[in-house]
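Here the structure is laid out as structure tokens; the discussion comes afterwards.
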Amino acid sequence: MLNRILYAVNASSESVHGARFVAELALASGAQIIALNVIDTSVAKYLKTATGASESETAIKLQEDGWRYLYDVEDVCKSMGAKIVLHQQEGLPEAIIAINARRFKAELVVAPHSRAGGCTQSRSERFVIELVERLECPVLVV
Amino acid sequence: MNLIDCLTAQTVEVNSTLKDPELILSRLVDLVLSREKIMDRETLLSQIHAREKLGSTGIGVGIAIPHVHHKGVEGLHVAMMTVPAGIDFHAIDDQPCTVFVIVAGPSNNREEYLRLLGEISRVLRTDRTRNAVLAAKTPEELLKTLRELKKD
């Protein structure tokens, strides 16, 4: 029996697509979903350089995009009747997810996998490996 | 459209002394319907309650954003209320909620609705904005504060 599932939303369309599966899992087990988006501060620095936007403009965009995807995931889950709460933090995703998994006593962490290919997919695979190494609970990749 | 565009003095209440979460939601519904009757009051209230039961919209640092989209609604509709004493809204961080914003939007334009929710969440989670909002003594002062902060 699962009580809490931590869903690592990564501000991507993959995380919205994966929400349906997470909701079904939560409904089948009676679990509450904690949807967590982590704003990767190292990506923020890269985006600032790549786009020429100011640091504050980049921070605003990342925060608002993060919340936007969280609310999208929430909408999918609640429309299916699954219980879900939202959270967003900044930092190194693997570390923040592990901290929150312990904080909320999640019995399962679910992470979306990027199928974009190239560097994005490679980074996603490294992220999953890092996550598995840091967590005591199982990790499911969708 | 952004937060300040969606609010008027009519849809803002400051220094509320309500203590019950159910009354807070009821009052927020009345505020958002005070400017325009976008949908039936009981339908809106029951949908807000139903979604709140599936998980608190308290996103931490004292902010709660009950929200719903409905097929009959046109445009984005927002109301705001401050409750300086704070109430337990079962927020993610277990902290009392002091600033409440209700959002009602259309089901056929979810992108704008989600974008607005993202903006409200980001803006109000800023300590400076939240403290300024809580310090406002009238709805007009709250709106003026938000406009000035937006310029910065």
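By convention here, the chains of the structure tokens are called A, B, ... in the order presented, each chain's residues are numbered starting at 1, and ligands are numbered starting at 1 in the order presented.
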
Quiz item: Where does DSSP see helix (DSSP H, G or I) in range 46-99 of chain B, if you list the residues as a PyMOL selection string?
Solution: chain B and resi 46-53

Taking only C-alpha atoms into account, what are the residues of chain A at most 10 Å from chain B, put as a compact mmCIF listing (two decimals) with C-alpha atoms, in the first residue's frame?
```txt
# COMPACT_ATOMS: atom_id res chain seq x y z
CA GLN A 32 -1.48 11.09 -2.36
CA ILE A 33 0.78 12.55 -5.06
CA ILE A 34 3.29 15.22 -4.19
CA ALA A 59 14.52 33.34 -12.93
CA ILE A 60 10.98 34.62 -13.50
CA LYS A 61 10.51 32.49 -16.60
CA LEU A 62 11.79 29.34 -14.91
CA GLN A 63 9.62 29.85 -11.85
CA GLU A 64 6.48 30.64 -13.81
CA ASP A 65 7.04 27.81 -16.29
CA GLY A 66 7.62 25.45 -13.39
CA TRP A 67 4.35 26.41 -11.72
CA ARG A 68 2.54 26.28 -15.07
CA TYR A 69 3.57 22.64 -15.58
CA LEU A 70 2.79 21.80 -11.96
CA TYR A 71 -0.75 23.14 -12.36
CA ASP A 72 -1.11 21.23 -15.64
CA GLU A 74 -2.45 18.83 -11.01
CA ASP A 75 -5.31 19.34 -13.45
CA CYS A 77 -4.58 14.21 -11.67
CA LYS A 78 -7.54 15.96 -10.04
CA SER A 79 -9.73 15.46 -13.10
CA GLY A 81 -9.94 12.00 -8.86
CA ALA A 82 -6.39 11.57 -7.60
CA LYS A 83 -5.16 13.49 -4.56
CA ILE A 84 -2.28 15.82 -5.27
CA VAL A 85 -0.42 18.75 -3.79
CA LEU A 86 2.17 20.96 -5.48
CA HIS A 87 5.64 22.09 -4.50
CA GLN A 88 8.49 23.94 -6.20
CA PHE A 104 7.26 13.59 2.93
```

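With distances restricted to only C-alpha atoms, B:Pro84 is the closest residue to Val133 in chain B from B:Gly75, B:Pro21, B:Gly105, B:Pro84.
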
Quiz item: Counting only C-alpha atoms, what is within 8 Å of Ser107 in chain B, bar same-chain residues fewer than 4 positions away, as a ChimeraX atom specification?
Solution: /B:69-73

Exercise. Using only C-alpha atoms, determine which residues lie at most 7 Å from Ala79 in chain B, disregarding the query and same-chain residues fewer than 2 positions distant; provide the list as a PyMOL selection string.
Key: chain B and resi 7+11-12+28+31-32+81+101-103

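A straight line drawn from CA of Asp5 in chain B to CA of Glu148 in chain B is 13.2 Å long.
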
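Between Val61 in chain B and the residues B:Ala135, B:Leu45, B:Leu124, B:Met80, the shortest atom-to-atom distance, using only C-alpha atoms, involves B:Leu124.
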
Quiz item: Got a sec: who's within 6 Å of Val109 in chain A, counting only C-alpha atoms, leaving out chain neighbours fewer than 5 positions off, as a list of chain:residue names?
Solution: A:Ile5, A:Leu6, A:Tyr7, A:Val139

Requested write-out: N, CA and C atoms of the selected residues, as a CSV table (one decimal), in the first residue's frame:
```
chain,number,residue,atom,x,y,z
A,5,ILE,N,3.3,9.3,-3.1
A,5,ILE,CA,4.1,9.1,-4.3
A,5,ILE,C,4.7,10.5,-4.6
A,6,LEU,N,6.0,10.6,-4.7
A,6,LEU,CA,6.5,11.9,-5.1
A,6,LEU,C,6.8,11.9,-6.6
A,7,TYR,N,6.1,12.8,-7.3
A,7,TYR,CA,6.3,12.8,-8.8
A,7,TYR,C,7.2,14.0,-9.1
A,139,VAL,N,12.4,3.9,-7.4
A,139,VAL,CA,12.2,4.9,-8.4
A,139,VAL,C,11.6,4.3,-9.7
```

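Put simply, CA of Glu107 in chain A is 15.3 Å away from CA of Glu133 in chain A.
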